[in-house]
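**Student:** First, the structure itself, so that you have it in front of you.
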Amino acid sequence: MTDLKIRKLPFRFDDPVPFQWNPANPEFGLVANAIGILVVAFEDVIVSVVRQVLPRIEDPEVVAEATAFLRQEALHSRAHQAHLAALVRRYPGLQETIDGARASYQRLLEENSLEFLVAYTASLEATFPPLFKMILDHREDLLAPGDARVASLFAWHFVEEIEHRSSALILYDAIVRDPNYRLRVVGPAFAHAAGVYSEILASFDRHVPFEDRLVDSRRVVPHRAWMYEIGVRIPGLARLARGAFPAAFEAVPSKVLGRTFARLMLSQLPNHRPANEPIPEFADQWFQAYERGDDMTRFGVSTPAGR
Ligand SMILES: [Fe+2]
Ligand SMILES: [Fe+2]
């Protein structure tokens with residue numbers, strides 16, 4: 001049976017939540033906000049796809065894994081929606097951004113086979129362990145300086161994404177049964193996700209005044225962000241590449257960034273097994289704190305375990 005735990009955390013965002021929740025690293029603040037909108041749209045599709053394919057699965061262990069996976073994703077989506085609702089109260093134009101991302105994922109759902117959608121899900125989910133390990137390993141710079149509620153929301157979500165890292169591939173193997181199909185889907189899948197993500201970022205500049213964003217969203221759109229991330233690491237170019245604030249992932253050493261990139265590439269290979277991915281120490285600290293009964297909605301993202 002599955003090892004996944006269903007954790008309903010009572011996140012509350014009723015007091016004003018600053019759009020720029022991380023003024024010490026505002027580029028990362030925008031990246032996280034865009035991820036928040038993307039996941040609400042994407043995870044609702046996951047829930048719908050898993051519900052549709054569940055009757056086709058005969059193995060009770062796979063059914064248990066898929067059911068726990070969809071329940072975790074539904075809870076992630078709900079918690080992020082509470083955060084986004086607080087942002088929309090302050091910047092009503094952001095509703096247009098959220099609706100746009102949802103509409104794009106609804107079209108994806110309507111226009112593609114369930115096999116494609118399961119493969120899309122497995123491809124994207126496979127990128128999360130390396131990406132979120134990098135973020136959690138550098139939480140002191142990326143998460144800890146920000147608003148504790150928002151930082152805790154992302155810490156919880158990233159930790160559970162690492163916990164259920166094998167789920168989408170287990171589902172894929174049960175439904176698609178062709179390890180090579182995922183490789184054929186990866187191009188369109190990432191083009192779609194990157195397109196939605198870039199649209200979200202671009203809309204921030206329209207809906208949120210600069211003084212509340214602190215940085216131009218164009219600095220973090222994927223097709224430009226990599227130039228700044230490399231530029232700030234090259235002596236002589238750094239001054240030109242750096243804006244008023246550090247680049248989103250500037251605190252991450254170049255070697256780690258390179259290793260993460262390599263792991264992202266490897267995560268798409270047919271023989272990839274997410275269960276073998278290295279896990280951030282923070283994940284264990286987080287699980288222990290949860291078992292102790294700590295308030296995980298205000299969980300310090302500093303070492304060790306927020307104490
Ligand atoms: Fe999730
Ligand atoms: Fe996930």
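Ordered as shown in the structure tokens, chains take letters A, B, and onward, while each chain numbers its residues from 1 and ligands are numbered from 1 in the order shown.
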Run DSSP on the backbone and grab whatever in stretch 64-227 of chain A lands in helix (DSSP H, G or I); send it over as a PyMOL selection string.

**Tutor:** chain A and resi 64-90+94-111+114-137+139-142+148-163+167-175+181-207+210-213+217-219+222-227

**Student:** Which polymer residues have any atom within 8 Å of an atom of stretch 159-168 of chain A, counting only C-alpha atoms, with same-chain residues fewer than 3 positions away left out, as number ranges by chain?

**Tutor:** A: 4, 65-66, 69, 72, 118, 121-122, 125-126, 128-129, 132-133, 155-156, 171-172, 273-275, 279, 283, 286

**Student:** Taking C-alpha atoms for each residue, export the selection above as a compact mmCIF listing (two decimals), in the first residue's frame.

**Tutor:**
# COMPACT_ATOMS: atom_id res chain seq x y z
CA LEU A 4 1.80 8.78 1.26
CA GLU A 65 -1.04 5.22 -4.70
CA ALA A 66 -3.06 7.10 -7.34
CA PHE A 69 -1.58 11.21 -5.06
CA GLN A 72 -2.42 15.39 -1.95
CA VAL A 118 -0.78 10.98 -17.88
CA THR A 121 1.88 14.73 -15.64
CA ALA A 122 4.67 12.17 -15.22
CA GLU A 125 6.27 15.71 -11.80
CA ALA A 126 9.66 14.10 -12.55
CA PHE A 128 10.04 18.46 -9.15
CA PRO A 129 12.43 16.42 -6.94
CA PHE A 132 12.52 21.50 -5.22
CA LYS A 133 15.53 19.86 -3.56
CA ALA A 155 7.83 24.41 1.89
CA TRP A 156 4.89 22.05 2.55
CA LEU A 171 0.33 5.72 -12.76
CA TYR A 172 2.03 6.19 -16.13
CA ARG A 273 13.28 6.14 -11.30
CA PRO A 274 12.32 9.10 -9.04
CA ALA A 275 12.56 6.82 -5.98
CA ILE A 279 16.19 13.84 -0.92
CA ALA A 283 12.13 16.98 4.04
CA TRP A 286 9.63 18.80 8.04

**Student:** Report, in Å to a single decimal, how far apart atom CA of A:Pro280 and atom CA of A:Val45 are.

**Tutor:**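 Answer for the atom CA of A:Val45 to atom CA of A:Pro280 separation: 27.5 Å.
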
**Student:** Nearest to ligand 1 among A:Ile6, A:Ala151, A:Leu237, A:Ala248, with distances taken over only C-alpha atoms and all ligand atoms: which residue is it?

**Tutor:**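 Closest candidate: A:Ile6.
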
**Student:** Can you pull out every residue within 10 Å of A:Asp295, counting only C-alpha atoms, but drop anything in the same chain fewer than 5 positions away, and send it as a ChimeraX atom specification?

**Tutor:** /A:9-11,152,289-290,300

**Student:** Could you take the residues named above and write them with N, CA and C atoms, as a CSV table (one decimal), in the first residue's frame?

**Tutor:**
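Result file selection-v3.csv:
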chain,number,residue,atom,x,y,z
A,9,LEU,N,-3.6,20.9,6.1
A,9,LEU,CA,-3.0,22.0,6.9
A,9,LEU,C,-3.9,23.2,6.8
A,10,PRO,N,-4.2,23.8,8.0
A,10,PRO,CA,-5.1,25.0,8.0
A,10,PRO,C,-4.4,26.3,7.6
A,11,PHE,N,-4.0,26.4,6.4
A,11,PHE,CA,-3.4,27.7,5.9
A,11,PHE,C,-4.4,28.8,6.0
A,152,SER,N,5.9,28.9,4.2
A,152,SER,CA,5.5,27.6,4.7
A,152,SER,C,4.6,26.9,3.8
A,289,ALA,N,8.7,17.4,12.3
A,289,ALA,CA,8.0,18.5,12.9
A,289,ALA,C,6.5,18.3,12.8
A,290,TYR,N,6.1,17.8,11.7
A,290,TYR,CA,4.6,17.6,11.5
A,290,TYR,C,4.2,16.5,12.5
A,300,GLY,N,9.0,27.4,10.6
A,300,GLY,CA,10.2,28.2,10.2
A,300,GLY,C,10.9,27.4,9.1

**Student:** Using only C-alpha atoms, pick whichever of A:Val88, A:Leu153, A:Ala238, A:Val221 has the shortest atom-to-atom distance to A:Val196.

**Tutor:**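 Nearest to A:Val196: A:Val221.
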
**Student:** Name the residues, by chain letter and number, that sit within 7 Å of ligand 1 using only C-alpha atoms and all ligand atoms, and give them as a list in words.

**Tutor:**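 Result of the 7 Å neighbour search around ligand 1: Val39, Glu43, Gln72, Glu73, His76, Ser77, His157 and Glu161 of chain A.
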
**Student:** Would you export the selected residues with C-alpha atoms as a PDB file, in the first residue's frame, please?

**Tutor:**
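The result, stored in selection_36.pdb:
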ATOM      1  CA  VAL A  39       0.011  24.569  -9.942  1.00  0.00           C
ATOM      2  CA  GLU A  43      -3.161  20.131 -10.242  1.00  0.00           C
ATOM      3  CA  GLN A  72      -2.417  15.393  -1.950  1.00  0.00           C
ATOM      4  CA  GLU A  73      -2.649  17.366  -5.204  1.00  0.00           C
ATOM      5  CA  HIS A  76      -2.155  21.602  -2.599  1.00  0.00           C
ATOM      6  CA  SER A  77      -4.485  23.245  -5.069  1.00  0.00           C
ATOM      7  CA  HIS A 157       4.066  21.738  -1.125  1.00  0.00           C
ATOM      8  CA  GLU A 161       5.996  16.789  -4.146  1.00  0.00           C
TER       9      GLU A 161
END

**Student:** Record the distance separating atom CA of A:Ala194 and atom CA of A:Leu124, expressed in Å with one decimal.

**Tutor:**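 For atom CA of A:Ala194 relative to atom CA of A:Leu124, the distance reads 10.8 Å.
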
**Student:** Select, from A:Leu87, A:Leu169, A:Leu30, A:Met1, the residue with the minimum atom-to-atom distance to ligand 2, counting only C-alpha atoms and all ligand atoms.

**Tutor:**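 So, comparing all the options, the nearest one is A:Leu169.
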
**Student:** So that I can check the surroundings of A:Arg263, please list as a list in words every protein, DNA and RNA residue that reaches within 12 Å of it, counting only C-alpha atoms and ignoring chain neighbours fewer than 3 positions away.

**Tutor:** Ala126, Thr127, Phe128, Pro129, Pro130, Leu131, Phe132, Lys133, Met134, Val256, Leu257, Gly258, Arg259, Thr260, Leu266, Ser267, Gln268, Leu269, His272, Arg273, Pro274, Asn276, Glu277 and Pro278 of chain A

**Student:** Which distance in Å separates atom CA of A:Gly231 and atom CA of A:Phe245, to one decimal?

**Tutor:** 13.7 Å

**Student:** List as an mmCIF file with C-alpha atoms, in the first residue's frame the protein and nucleic acid residues near A:Asp147, meaning an atom at most 9 Å away when only C-alpha atoms are counted, but skip any in the same chain fewer than 3 places from it.

**Tutor:**
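Result written to selection-v7.cif:
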data_model
loop_
_atom_site.group_PDB
_atom_site.id
_atom_site.type_symbol
_atom_site.label_atom_id
_atom_site.label_comp_id
_atom_site.auth_asym_id
_atom_site.auth_seq_id
_atom_site.Cartn_x
_atom_site.Cartn_y
_atom_site.Cartn_z
ATOM 1 C CA VAL A 17 -0.644 39.097 2.126
ATOM 2 C CA PRO A 18 1.940 41.140 0.264
ATOM 3 C CA GLN A 20 5.917 40.588 -3.073
ATOM 4 C CA TRP A 21 6.225 38.183 -0.161
ATOM 5 C CA ASN A 22 10.012 38.001 -0.392
ATOM 6 C CA LEU A 143 12.278 30.980 1.397
ATOM 7 C CA ALA A 144 13.251 31.925 4.948
ATOM 8 C CA VAL A 150 3.755 31.967 2.040
ATOM 9 C CA ALA A 151 7.179 30.398 2.696
ATOM 10 C CA SER A 152 5.500 27.623 4.746
#
